Amino acid sequence: MKFFKDDIRIIPLADWLDWASGNNDNVFVALPMIQRGSVWKPNQIIELWDSLMQGMPIGSLMASELPPEIRVRRLGQNSSESVPPGGGLGLIDGQQRTLAMLVAWQLRGDHTMDRRIWVDFGDPPAAGQLLRLRVTTANQPFGFRRDEPSTKLSLDDRRKARLQFEKTHPTKSGETPTEPTLANTTPWGAKFPLDLKYLIEAYRKHGDSEEWRGSVLKMLHKIKEVHEELPGVYHNVGILKDALARLFKMQVPVIRVDSRFFKVEEIHDNDPPLALLFKRIGTGGTRLSDSDYIYSIIKHLRSETYDLVESLYLPTVNGSRNVASLLTATDLVMSAVRLAAIGENSVADWESPSKQNFHRLLQSRDFLGKKFMPLITRNDNNISQIERYFSEIQVVIEYRSTERADIGLPRHLFPHLGRPLVQVLLRIAQLDYLADPYNGKRRNDILRLVLFWLVCVNDHRKASEISYQFIKKNADAALLSGNQLGRRIHDELIEQGVASALFTPLQISGRNGLVFSSNDTEVLRGESRFQSMKDDDDDRELCDFYRRWWQPWTYQHPILLWLQRELVATIPGDPMSGREEDTPYDYDHILPSSNWSNWRGLHNSKDKLLDFSESEYWVSGNGIGNVRVWDSSKNRSDGDIAPAYKLGLLEKSDQVDSEDVMPVAGDLLRQSAISDMDSHKRAWIACSRDDAGKHSWNKDRALAFQSAVEFRVFDLYERYFEELDFHEWYDGN
């Protein structure tokens with residue numbers, strides 16, 4: 001096609017978005033396969049749209065005229081296609097801006113984005129902005145914080161949003177409750193929100209007229225009665241009308257990029273032209289990471305790679321996602337590269353090959369054509385080798401909610417496994433070790449390896465390389481015919497010093513002062529708990545190991561996703577790597593951090609936690625014993641509610657300090673992975689205070705808090721060790 005007459009063409013922004021969305025076939029606009037996916041966060045989308053509404057320039061775009069038949073992908077879609085016979089435009093620079101604008105632009109056909117942007121006509125705008133804009137996503141259907149648009153709503157706000165949703169979507173007897181989705185919700189806390197896409201479409205229909213204003217006011221009246229005493233709403237409607245008028249008058253320069261950069265040539269030691277171009281534009285001169293570089297080159301040379309990767313992210317027939325979603329697209333391709341390199345004697349094994357390593361592979365007897373492509377090409381049964389490996393891994397490691405006391409992993413734990421471990425699982429699947437889904441001994445062996453890895457491996461990349469080396473040396477018929485491959489890898493990792501061995505619960509509980517405080521303790525113990533007082537390497541290792549399990553330095557404990565797997569398996573949402581800020585679950589302090597974190601009291605009396613603890617009081621507060629995983633959309637915590645109430649141990653009318661209170665166990669305890677032993681329950685009750693006294697501390701309350709945390713830390717570890725039956729590996733020693 002002939003789009004450019006000169007090196008720069010000025011076009012209306014609306015025309016560009018119509019081409020990019022597929023609503024106007026006059027110009028075919030798509031992304032080169034080398035382009036990366038959308039990475040912008042909600043606050044960036046809001047800032048761009050505010051700039052558009054204010055008539056600010058958003059910079060130039062760069063595009064290249066493409067001849068027919070080149071494989072590309074349309075913006076906002078996940079599959080590739082060929083440039084049509086008339087040719088098209090390849091967007092070189094401006095992808096993130098264009099995708100952010102398409103969030104509020106009608107896409108062709110039934111395609112939709114996984115985000116929505118809203119105008120709240122009843123809320124004053126943020127400083128420097130024209131209107132109050134909000135974003136919602138598939139995993140956060142009630143949106144994000146008003147003051148921090150890329151931060152999840154507070155637990156309390158999500159709970160309130162869920163309750164309000166259930167009131168407005170009542171469930172009749174015998175019907176399945178309606179779940180909040182991106183399509184049926186609005187941002188929580190918004191007063192008069194309307195979808196910007198609807199507002200733009202209405203403007204295009206009615207133009208700059210009173211009909212448009214009337215249609216908007218009609219929609220606002222459906223949300224809430226708009227009275228004359230709310231002049232701000234009417235004023236903001238006028239502001240938006242003027243803003244859309246500016247939007248449809250806006251023009252954007254498109255700079256021509258020579259099409260020679262799209263030529264696919266044999267790669268030796270030099271970058272292909274398109275990769276070189278991408279290093280110079282769009283990233284401020286920042287070099288692509290080696291992984292991004294390699295995936296970009298493979299997509300450019302073999303576009304079918306992109307189609308396979310995207311298909312692995314599609315939901316299965318039951319609506320859930322494939323286990324491959326535990327990897328980013330880049331990591332997935334790097335894993336395929338590593339598997340394809342098995343047997344290439346001229347190159348070493350790399351957990352993550354560098355650019356130079358990759359060039360060496362490409363020079364090794366048509367690596368892409370003879371090694372890589374057979375791994376990702378679908379056979380007559382429409383499944384590729386790597387898809388089969390992922391399928392077998394999923395069958396083995398996934399939690400089976402239909403089986404009582406199953407030890408599998410809930411899907412929300414998948415992204416925490418990481419590329420090095422997943423590559424080991426893929427290598428094991430490549431050996432056909434996982435081909436028999438009914439081999440329970442092999443399944444247990446692999447699940448132990450995975451859960452051991454998450455707790456004990458201290459250098460994941462090195463551990464992955466050692467695992468590959470071990471398999472290469474020992475993958476004989478005798479090893480693969482048994483059920484001990486996971487254990488053998490475990491032994492090798494410990495022998496090579498990249499992982500620590502587990503200790504039995506008996507060994508831990510038998511170490512005086514490590515697990516439980518002595519009766520004459522005067523204060524909460526901090527890091528001194530984990531300090532070995534013996535000149536004994538074994539004792540130091542034991543103390544270091546228990547500190548690793550306790551993890552006092554953070555409040556995020558992914559192993560809880562497994563320990564609370566019965567609950568976590570019911571949490572909706574897709575576990576997608578690379579979108580950690582958008583998870584549908586939270587780590588909830590059982591004793592709220594507002595009760596103890598940095599609390600110094602309102603006066604000089606001795607009523608603050610700091611006076612009854614060593615300086616590191618967060619050892620108890622942030623340790624795994626004081627944290628549970630909880631569903632973001634159904635969080636029953638009000639943030640500051642005391643443990644006795646949030647765990648269902650007491651009703652609000654009960655007296656916390658009453659000696660006659662007998663706590664009652666319920667589902668909340670089980671779902672929170674808290675023992676229903678009376679001593680454990682009484683400790684949580686004793687460290688609780690009502691709203692009026694939540695900041696008031698004394699020695700008894702402080703020590704009760706410590707006891708509750710100590711009970712749970714050890715109980716969780718005992719469950720971890722016993723439920724995975726690590727005695728088979730450690731012989732009870």
# chains A, B, ... in the order shown; residues from 1 in each chain; ligands from 1
>>> residues_around(residues="Ser500 of chain A", least_positions_apart="2", cutoff="7 Å", atoms="only C-alpha atoms", output="ChimeraX atom specification")
/A:456-457,494,502
>>> write_last_selection(atoms="C-alpha atoms", output="compact mmCIF listing (two decimals), in the first residue's frame")
# COMPACT_ATOMS: atom_id res chain seq x y z
CA CYS A 456 14.27 -24.75 50.84
CA VAL A 457 15.99 -23.76 47.59
CA ILE A 494 21.22 -30.52 49.07
CA LEU A 502 14.14 -30.18 55.95
>>> atom_distance(atom1="atom CA of Leu220 of chain A", atom2="atom CA of Phe192 of chain A")
6.4 Å
>>> atom_distance(atom1="atom CA of Leu425 of chain A", atom2="atom CA of Tyr399 of chain A")
16.3 Å
>>> select_by_dssp(residues="segment 449-613 of chain A", states="helix (DSSP H, G or I)", output="JSON, numbers by chain")
{"A": [449, 450, 451, 452, 453, 454, 455, 456, 460, 461, 462, 463, 464, 465, 466, 467, 468, 469, 470, 471, 472, 473, 474, 477, 478, 479, 480, 481, 485, 486, 487, 488, 489, 490, 491, 492, 493, 494, 495, 505, 506, 507, 508, 509, 527, 528, 529, 530, 537, 538, 539, 540, 541, 542, 543, 544, 545, 546, 547, 548, 549, 550, 559, 560, 561, 562, 563, 565, 566, 567, 568, 580, 581, 582, 593, 594, 595, 609, 610, 611, 612]}
>>> write_last_selection(atoms="C-alpha atoms", output="mmCIF file, in the first residue's frame")
data_model
loop_
_atom_site.group_PDB
_atom_site.id
_atom_site.type_symbol
_atom_site.label_atom_id
_atom_site.label_comp_id
_atom_site.auth_asym_id
_atom_site.auth_seq_id
_atom_site.Cartn_x
_atom_site.Cartn_y
_atom_site.Cartn_z
ATOM 1 C CA LEU A 449 9.881 -31.786 45.096
ATOM 2 C CA VAL A 450 7.832 -28.686 44.167
ATOM 3 C CA LEU A 451 6.871 -27.810 47.752
ATOM 4 C CA PHE A 452 10.395 -28.573 48.992
ATOM 5 C CA TRP A 453 11.781 -26.271 46.284
ATOM 6 C CA LEU A 454 9.536 -23.387 47.330
ATOM 7 C CA VAL A 455 10.661 -23.583 50.950
ATOM 8 C CA CYS A 456 14.266 -24.753 50.843
ATOM 9 C CA HIS A 460 16.668 -21.132 41.980
ATOM 10 C CA ARG A 461 18.609 -20.626 38.753
ATOM 11 C CA LYS A 462 21.581 -22.653 39.978
ATOM 12 C CA ALA A 463 19.251 -25.352 41.322
ATOM 13 C CA SER A 464 17.593 -25.585 37.905
ATOM 14 C CA GLU A 465 20.945 -26.011 36.161
ATOM 15 C CA ILE A 466 22.033 -28.678 38.670
ATOM 16 C CA SER A 467 18.737 -30.525 38.126
ATOM 17 C CA TYR A 468 19.281 -30.583 34.363
ATOM 18 C CA GLN A 469 22.843 -31.814 34.817
ATOM 19 C CA PHE A 470 21.705 -34.542 37.193
ATOM 20 C CA ILE A 471 18.989 -35.719 34.788
ATOM 21 C CA LYS A 472 21.438 -35.769 31.891
ATOM 22 C CA LYS A 473 23.840 -37.995 33.841
ATOM 23 C CA ASN A 474 21.272 -40.253 35.495
ATOM 24 C CA ALA A 477 15.948 -46.878 32.590
ATOM 25 C CA ALA A 478 16.265 -47.873 36.259
ATOM 26 C CA LEU A 479 15.722 -44.320 37.535
ATOM 27 C CA LEU A 480 12.835 -43.562 35.211
ATOM 28 C CA SER A 481 11.080 -46.848 35.894
ATOM 29 C CA LEU A 485 13.162 -38.972 40.560
ATOM 30 C CA GLY A 486 11.933 -36.046 42.668
ATOM 31 C CA ARG A 487 13.712 -37.379 45.729
ATOM 32 C CA ARG A 488 16.943 -37.941 43.806
ATOM 33 C CA ILE A 489 16.889 -34.347 42.531
ATOM 34 C CA HIS A 490 16.189 -33.194 46.107
ATOM 35 C CA ASP A 491 19.223 -35.142 47.333
ATOM 36 C CA GLU A 492 21.441 -33.627 44.639
ATOM 37 C CA LEU A 493 20.342 -30.053 45.411
ATOM 38 C CA ILE A 494 21.225 -30.521 49.072
ATOM 39 C CA GLU A 495 24.521 -32.193 48.187
ATOM 40 C CA PRO A 505 8.653 -31.375 63.403
ATOM 41 C CA LEU A 506 10.070 -33.447 66.251
ATOM 42 C CA GLN A 507 13.554 -32.031 65.698
ATOM 43 C CA ILE A 508 12.189 -28.480 65.687
ATOM 44 C CA SER A 509 9.921 -28.821 68.705
ATOM 45 C CA GLU A 527 15.289 -12.066 66.141
ATOM 46 C CA SER A 528 16.964 -13.495 69.253
ATOM 47 C CA ARG A 529 14.606 -16.457 68.862
ATOM 48 C CA PHE A 530 16.623 -17.667 65.880
ATOM 49 C CA ASP A 537 26.668 -26.165 63.001
ATOM 50 C CA ASP A 538 23.635 -28.462 63.165
ATOM 51 C CA ASP A 539 21.948 -26.196 65.700
ATOM 52 C CA ARG A 540 22.676 -23.101 63.639
ATOM 53 C CA GLU A 541 21.199 -24.791 60.565
ATOM 54 C CA LEU A 542 18.093 -25.698 62.555
ATOM 55 C CA CYS A 543 17.642 -22.101 63.767
ATOM 56 C CA ASP A 544 18.261 -20.687 60.290
ATOM 57 C CA PHE A 545 15.781 -23.115 58.781
ATOM 58 C CA TYR A 546 13.013 -22.223 61.212
ATOM 59 C CA ARG A 547 13.600 -18.514 60.580
ATOM 60 C CA ARG A 548 13.201 -19.225 56.859
ATOM 61 C CA TRP A 549 9.854 -20.898 57.586
ATOM 62 C CA TRP A 550 8.757 -18.109 59.950
ATOM 63 C CA ILE A 559 3.258 -21.174 50.907
ATOM 64 C CA LEU A 560 -0.034 -20.216 52.600
ATOM 65 C CA LEU A 561 -1.678 -20.596 49.192
ATOM 66 C CA TRP A 562 -0.921 -24.306 49.508
ATOM 67 C CA LEU A 563 -1.617 -24.604 53.220
ATOM 68 C CA ARG A 565 -5.592 -24.745 49.329
ATOM 69 C CA GLU A 566 -9.194 -25.732 50.101
ATOM 70 C CA LEU A 567 -10.117 -22.045 50.368
ATOM 71 C CA VAL A 568 -7.725 -20.758 47.683
ATOM 72 C CA GLU A 580 0.871 -9.491 40.627
ATOM 73 C CA GLU A 581 -0.780 -6.169 41.521
ATOM 74 C CA ASP A 582 -4.061 -7.598 40.209
ATOM 75 C CA SER A 593 -1.193 -4.451 61.832
ATOM 76 C CA SER A 594 -2.952 -1.274 63.008
ATOM 77 C CA ASN A 595 -2.961 -2.852 66.477
ATOM 78 C CA LEU A 609 3.338 -3.092 72.433
ATOM 79 C CA LEU A 610 6.883 -1.763 72.121
ATOM 80 C CA ASP A 611 7.142 -1.710 75.924
ATOM 81 C CA PHE A 612 6.385 -5.435 76.111
#
>>> residues_around(residues="segment 515-518 of chain A", least_positions_apart="4", cutoff="9 Å", atoms="only C-alpha atoms", output="JSON, numbers by chain")
{"A": [508, 509, 510, 511, 524, 525, 529, 546, 706, 707, 710, 711, 713, 714]}
>>> write_last_selection(atoms="C-alpha atoms", output="PDB file, in the first residue's frame")
ATOM      1  CA  ILE A 508      12.189 -28.480  65.687  1.00  0.00           C
ATOM      2  CA  SER A 509       9.921 -28.821  68.705  1.00  0.00           C
ATOM      3  CA  GLY A 510      12.714 -30.559  70.593  1.00  0.00           C
ATOM      4  CA  ARG A 511      14.949 -27.496  70.336  1.00  0.00           C
ATOM      5  CA  LEU A 524       7.905 -10.710  73.067  1.00  0.00           C
ATOM      6  CA  ARG A 525      10.996 -12.204  71.512  1.00  0.00           C
ATOM      7  CA  ARG A 529      14.606 -16.457  68.862  1.00  0.00           C
ATOM      8  CA  TYR A 546      13.013 -22.223  61.212  1.00  0.00           C
ATOM      9  CA  GLN A 706       3.246 -14.361  70.940  1.00  0.00           C
ATOM     10  CA  SER A 707       1.756 -17.701  71.991  1.00  0.00           C
ATOM     11  CA  GLU A 710       4.019 -19.585  67.980  1.00  0.00           C
ATOM     12  CA  PHE A 711       1.215 -22.146  68.002  1.00  0.00           C
ATOM     13  CA  VAL A 713       3.834 -21.203  62.996  1.00  0.00           C
ATOM     14  CA  PHE A 714       4.631 -24.669  64.296  1.00  0.00           C
TER      15      PHE A 714
END
>>> atom_distance(atom1="atom CA of Leu240 of chain A", atom2="atom CA of Ile58 of chain A")
18.7 Å
>>> closest_residue(among="A:Ala501, A:Ile342, A:Val135, A:Leu130", to="Val237 of chain A", atoms="only C-alpha atoms")
A:Leu130
>>> residues_around(residues="segment 178-181 of chain A", least_positions_apart="4", cutoff="9 Å", atoms="only C-alpha atoms", output="count of residues only")
14
>>> residues_around(residues="Ser150 of chain A", least_positions_apart="6", cutoff="9 Å", atoms="only C-alpha atoms", output="ChimeraX atom specification")
/A:41-44,135,144,581
>>> write_last_selection(atoms="C-alpha atoms", output="tab-separated table (two decimals), in the first residue's frame")
chain	number	residue	atom	x	y	z
A	41	LYS	CA	-0.97	0.20	34.52
A	42	PRO	CA	-4.30	1.94	35.30
A	43	ASN	CA	-2.69	5.23	36.34
A	44	GLN	CA	-0.87	5.46	32.98
A	135	VAL	CA	-10.30	2.04	35.71
A	144	PHE	CA	-8.72	0.50	42.29
A	581	GLU	CA	-0.78	-6.17	41.52
>>> residues_around(residues="Gly22 of chain A", least_positions_apart="6", cutoff="10 Å", atoms="only C-alpha atoms", output="MDAnalysis selection string")
chainID A and resid 16 28:30 74:76 106:109
>>> write_last_selection(atoms="N, CA and C atoms", output="mmCIF file, in the first residue's frame")
data_model
loop_
_atom_site.group_PDB
_atom_site.id
_atom_site.type_symbol
_atom_site.label_atom_id
_atom_site.label_comp_id
_atom_site.auth_asym_id
_atom_site.auth_seq_id
_atom_site.Cartn_x
_atom_site.Cartn_y
_atom_site.Cartn_z
ATOM 1 N N TRP A 16 -7.026 7.306 13.140
ATOM 2 C CA TRP A 16 -6.030 6.312 13.562
ATOM 3 C C TRP A 16 -6.658 5.239 14.446
ATOM 4 N N PHE A 28 -5.247 -0.936 7.020
ATOM 5 C CA PHE A 28 -5.025 -2.082 7.911
ATOM 6 C C PHE A 28 -3.842 -1.764 8.822
ATOM 7 N N VAL A 29 -4.109 -1.639 10.146
ATOM 8 C CA VAL A 29 -3.054 -1.324 11.113
ATOM 9 C C VAL A 29 -2.864 -2.533 12.029
ATOM 10 N N ALA A 30 -1.634 -2.941 12.223
ATOM 11 C CA ALA A 30 -1.352 -4.097 13.070
ATOM 12 C C ALA A 30 0.024 -3.941 13.705
ATOM 13 N N ARG A 74 -3.345 -8.002 15.199
ATOM 14 C CA ARG A 74 -4.145 -6.807 15.358
ATOM 15 C C ARG A 74 -4.097 -6.345 16.806
ATOM 16 N N LEU A 75 -4.233 -5.046 17.015
ATOM 17 C CA LEU A 75 -4.201 -4.496 18.367
ATOM 18 C C LEU A 75 -5.431 -4.954 19.140
ATOM 19 N N GLY A 76 -5.212 -5.356 20.387
ATOM 20 C CA GLY A 76 -6.311 -5.805 21.230
ATOM 21 C C GLY A 76 -6.744 -7.225 20.970
ATOM 22 N N GLN A 106 -14.571 1.660 20.562
ATOM 23 C CA GLN A 106 -15.300 0.465 20.135
ATOM 24 C C GLN A 106 -14.427 -0.385 19.227
ATOM 25 N N LEU A 107 -14.236 -1.658 19.593
ATOM 26 C CA LEU A 107 -13.458 -2.565 18.760
ATOM 27 C C LEU A 107 -14.370 -3.260 17.753
ATOM 28 N N ARG A 108 -13.756 -3.743 16.704
ATOM 29 C CA ARG A 108 -14.518 -4.416 15.658
ATOM 30 C C ARG A 108 -15.098 -5.731 16.170
ATOM 31 N N GLY A 109 -16.314 -6.045 15.744
ATOM 32 C CA GLY A 109 -16.931 -7.319 16.086
ATOM 33 C C GLY A 109 -17.198 -7.439 17.568
#
>>> residues_around(residues="segment 375-382 of chain A", least_positions_apart="5", cutoff="9 Å", atoms="only C-alpha atoms", output="list in words")
Glu304, Thr305, Leu308, Ala336, Leu339, Ala340 and Glu387 of chain A
